[in-house]
Amino acid sequence: MNHRARLQRQLQTDRVLPVPGVYDGLSALLVEQAGFDCAFLSGACLAFARFGRPDMGLVCAAELRETVAVLRDRVSIPLIVDMDTGF
């Protein structure tokens, strides 16, 4: 089952779905190994991890895309990605 179908199936239940934030391959791997069903990546996660500052236009689309590629390669759980304003 692909990631999209897995996430859709999980969201159709009545149970709460905890979604921890991740920012790199290690954090995503730890979330997966801890048993979470999915993870969340946002520009804010990346900005704080890379620059120690809130996301105020610091993360560009290429950085977010690169991080998503790393995470997809590293874990098999679905990933929810906040694409900010769509760049």
# chains A, B, ... in the order shown; residues from 1 in each chain; ligands from 1
call {"tool": "residues_around", "arguments": {"residues": "range 6-9 of chain A", "least_positions_apart": "2", "cutoff": "12 Å", "atoms": "only C-alpha atoms", "output": "NGL selection string"}}
result
:A and (1-4 or 11-15 or 17 or 19 or 36-40 or 76-80)
call {"tool": "residues_around", "arguments": {"residues": "Val75 in chain A", "least_positions_apart": "6", "cutoff": "8 Å", "atoms": "only C-alpha atoms", "output": "VMD selection string"}}
result
chain A and resid 25 28 to 29 32
call {"tool": "write_last_selection", "arguments": {"atoms": "N, CA and C atoms", "output": "PDB file, in the first residue's frame"}}
result
ATOM      1  N   GLY A  25      16.719  13.224   8.372  1.00  0.00           N
ATOM      2  CA  GLY A  25      16.607  11.775   8.302  1.00  0.00           C
ATOM      3  C   GLY A  25      16.640  11.096   9.652  1.00  0.00           C
ATOM      4  N   ALA A  28      13.324  11.643  11.587  1.00  0.00           N
ATOM      5  CA  ALA A  28      12.275  10.831  10.965  1.00  0.00           C
ATOM      6  C   ALA A  28      12.444   9.356  11.322  1.00  0.00           C
ATOM      7  N   LEU A  29      13.670   8.880  11.304  1.00  0.00           N
ATOM      8  CA  LEU A  29      13.933   7.485  11.662  1.00  0.00           C
ATOM      9  C   LEU A  29      13.548   7.215  13.113  1.00  0.00           C
ATOM     10  N   GLU A  32       9.792   6.988  13.372  1.00  0.00           N
ATOM     11  CA  GLU A  32       9.319   5.702  12.847  1.00  0.00           C
ATOM     12  C   GLU A  32       9.634   4.571  13.824  1.00  0.00           C
TER      13      GLU A  32
END
call {"tool": "atom_distance", "arguments": {"atom1": "CA of Gly21 in chain A", "atom2": "CA of Asp73 in chain A"}}
result
17.0 Å
call {"tool": "select_by_dssp", "arguments": {"residues": "chain A", "states": "alpha helix (DSSP H)", "output": "number ranges by chain"}}
result
A: 3-11, 25-33, 43-51, 61-74
call {"tool": "write_last_selection", "arguments": {"atoms": "N, CA and C atoms", "output": "compact mmCIF listing (two decimals), in the first residue's frame"}}
result
# COMPACT_ATOMS: atom_id res chain seq x y z
N HIS A 3 2.03 5.34 0.43
CA HIS A 3 1.95 6.25 1.57
C HIS A 3 0.63 7.00 1.62
N ARG A 4 0.18 7.46 0.47
CA ARG A 4 -1.07 8.22 0.42
C ARG A 4 -2.25 7.37 0.89
N ALA A 5 -2.33 6.15 0.38
CA ALA A 5 -3.43 5.26 0.76
C ALA A 5 -3.36 4.91 2.24
N ARG A 6 -2.16 4.68 2.76
CA ARG A 6 -2.01 4.38 4.19
C ARG A 6 -2.49 5.53 5.05
N LEU A 7 -2.10 6.76 4.69
CA LEU A 7 -2.50 7.92 5.47
C LEU A 7 -4.01 8.14 5.37
N GLN A 8 -4.57 7.99 4.19
CA GLN A 8 -6.02 8.15 4.04
C GLN A 8 -6.77 7.14 4.90
N ARG A 9 -6.30 5.92 4.92
CA ARG A 9 -6.94 4.88 5.74
C ARG A 9 -6.85 5.24 7.22
N GLN A 10 -5.69 5.73 7.66
CA GLN A 10 -5.51 6.10 9.06
C GLN A 10 -6.41 7.27 9.45
N LEU A 11 -6.61 8.21 8.55
CA LEU A 11 -7.42 9.39 8.85
C LEU A 11 -8.91 9.09 8.86
N GLY A 25 16.72 13.22 8.37
CA GLY A 25 16.61 11.77 8.30
C GLY A 25 16.64 11.10 9.65
N LEU A 26 17.47 11.58 10.56
CA LEU A 26 17.57 10.96 11.88
C LEU A 26 16.29 11.15 12.69
N SER A 27 15.77 12.37 12.70
CA SER A 27 14.54 12.60 13.47
C SER A 27 13.39 11.77 12.90
N ALA A 28 13.32 11.64 11.59
CA ALA A 28 12.27 10.83 10.97
C ALA A 28 12.44 9.36 11.32
N LEU A 29 13.67 8.88 11.30
CA LEU A 29 13.93 7.48 11.66
C LEU A 29 13.55 7.21 13.11
N LEU A 30 13.87 8.14 14.01
CA LEU A 30 13.52 7.97 15.42
C LEU A 30 12.00 7.95 15.61
N VAL A 31 11.30 8.80 14.88
CA VAL A 31 9.83 8.82 14.95
C VAL A 31 9.27 7.48 14.47
N GLU A 32 9.79 6.99 13.37
CA GLU A 32 9.32 5.70 12.85
C GLU A 32 9.63 4.57 13.82
N GLN A 33 10.85 4.54 14.36
CA GLN A 33 11.24 3.48 15.29
C GLN A 33 10.46 3.55 16.60
N GLY A 43 8.19 24.12 7.00
CA GLY A 43 9.26 25.11 6.89
C GLY A 43 9.75 25.54 8.26
N ALA A 44 8.84 25.61 9.23
CA ALA A 44 9.23 25.99 10.59
C ALA A 44 10.17 24.95 11.19
N CYS A 45 9.87 23.67 10.99
CA CYS A 45 10.76 22.60 11.49
C CYS A 45 12.17 22.78 10.93
N LEU A 46 12.24 23.02 9.62
CA LEU A 46 13.55 23.18 8.98
C LEU A 46 14.26 24.45 9.42
N ALA A 47 13.52 25.54 9.52
CA ALA A 47 14.14 26.82 9.91
C ALA A 47 14.73 26.73 11.31
N PHE A 48 13.99 26.15 12.24
CA PHE A 48 14.52 26.02 13.59
C PHE A 48 15.71 25.07 13.63
N ALA A 49 15.65 23.97 12.88
CA ALA A 49 16.74 23.00 12.88
C ALA A 49 18.00 23.56 12.22
N ARG A 50 17.84 24.26 11.12
CA ARG A 50 19.01 24.75 10.37
C ARG A 50 19.54 26.08 10.87
N PHE A 51 18.64 26.98 11.26
CA PHE A 51 19.06 28.35 11.57
C PHE A 51 18.79 28.77 13.01
N ALA A 61 12.07 26.58 -1.50
CA ALA A 61 11.43 25.37 -2.02
C ALA A 61 12.44 24.26 -2.26
N ALA A 62 13.62 24.60 -2.74
CA ALA A 62 14.64 23.58 -3.03
C ALA A 62 15.09 22.88 -1.75
N GLU A 63 15.26 23.63 -0.66
CA GLU A 63 15.66 23.01 0.61
C GLU A 63 14.57 22.09 1.13
N LEU A 64 13.34 22.52 1.03
CA LEU A 64 12.23 21.69 1.50
C LEU A 64 12.11 20.44 0.64
N ARG A 65 12.23 20.59 -0.67
CA ARG A 65 12.16 19.45 -1.60
C ARG A 65 13.29 18.46 -1.32
N GLU A 66 14.49 18.97 -1.09
CA GLU A 66 15.64 18.10 -0.79
C GLU A 66 15.41 17.33 0.51
N THR A 67 14.89 17.99 1.51
CA THR A 67 14.63 17.33 2.79
C THR A 67 13.56 16.26 2.63
N VAL A 68 12.52 16.54 1.87
CA VAL A 68 11.47 15.54 1.62
C VAL A 68 12.07 14.32 0.94
N ALA A 69 12.95 14.51 -0.02
CA ALA A 69 13.59 13.39 -0.71
C ALA A 69 14.40 12.53 0.26
N VAL A 70 15.13 13.17 1.16
CA VAL A 70 15.91 12.44 2.16
C VAL A 70 14.98 11.64 3.07
N LEU A 71 13.91 12.28 3.54
CA LEU A 71 12.98 11.60 4.44
C LEU A 71 12.29 10.43 3.76
N ARG A 72 11.88 10.61 2.51
CA ARG A 72 11.21 9.53 1.77
C ARG A 72 12.15 8.34 1.60
N ASP A 73 13.43 8.62 1.43
CA ASP A 73 14.42 7.55 1.27
C ASP A 73 14.70 6.84 2.59
N ARG A 74 14.51 7.55 3.69
CA ARG A 74 14.92 7.03 4.99
C ARG A 74 13.84 6.25 5.72
call {"tool": "atom_distance", "arguments": {"atom1": "CA of Tyr23 in chain A", "atom2": "CA of Gly57 in chain A"}}
result
16.4 Å
call {"tool": "select_by_dssp", "arguments": {"residues": "chain A", "states": "strand (DSSP E)", "output": "ChimeraX atom specification"}}
result
/A:39-41,79-81
call {"tool": "write_last_selection", "arguments": {"atoms": "N, CA and C atoms", "output": "mmCIF file, in the first residue's frame"}}
result
data_model
loop_
_atom_site.group_PDB
_atom_site.id
_atom_site.type_symbol
_atom_site.label_atom_id
_atom_site.label_comp_id
_atom_site.auth_asym_id
_atom_site.auth_seq_id
_atom_site.Cartn_x
_atom_site.Cartn_y
_atom_site.Cartn_z
ATOM 1 N N ALA A 39 4.554 11.205 10.077
ATOM 2 C CA ALA A 39 5.364 12.319 10.580
ATOM 3 C C ALA A 39 4.995 13.585 9.822
ATOM 4 N N PHE A 40 5.434 14.725 10.358
ATOM 5 C CA PHE A 40 5.095 16.032 9.805
ATOM 6 C C PHE A 40 6.367 16.834 9.568
ATOM 7 N N LEU A 41 6.472 17.452 8.406
ATOM 8 C CA LEU A 41 7.595 18.329 8.077
ATOM 9 C C LEU A 41 7.039 19.674 7.647
ATOM 10 N N LEU A 79 4.321 10.820 5.247
ATOM 11 C CA LEU A 79 4.866 12.112 5.642
ATOM 12 C C LEU A 79 3.902 13.213 5.209
ATOM 13 N N ILE A 80 3.483 14.030 6.164
ATOM 14 C CA ILE A 80 2.652 15.194 5.866
ATOM 15 C C ILE A 80 3.599 16.381 5.745
ATOM 16 N N VAL A 81 3.544 17.092 4.617
ATOM 17 C CA VAL A 81 4.474 18.195 4.367
ATOM 18 C C VAL A 81 3.699 19.498 4.200
#
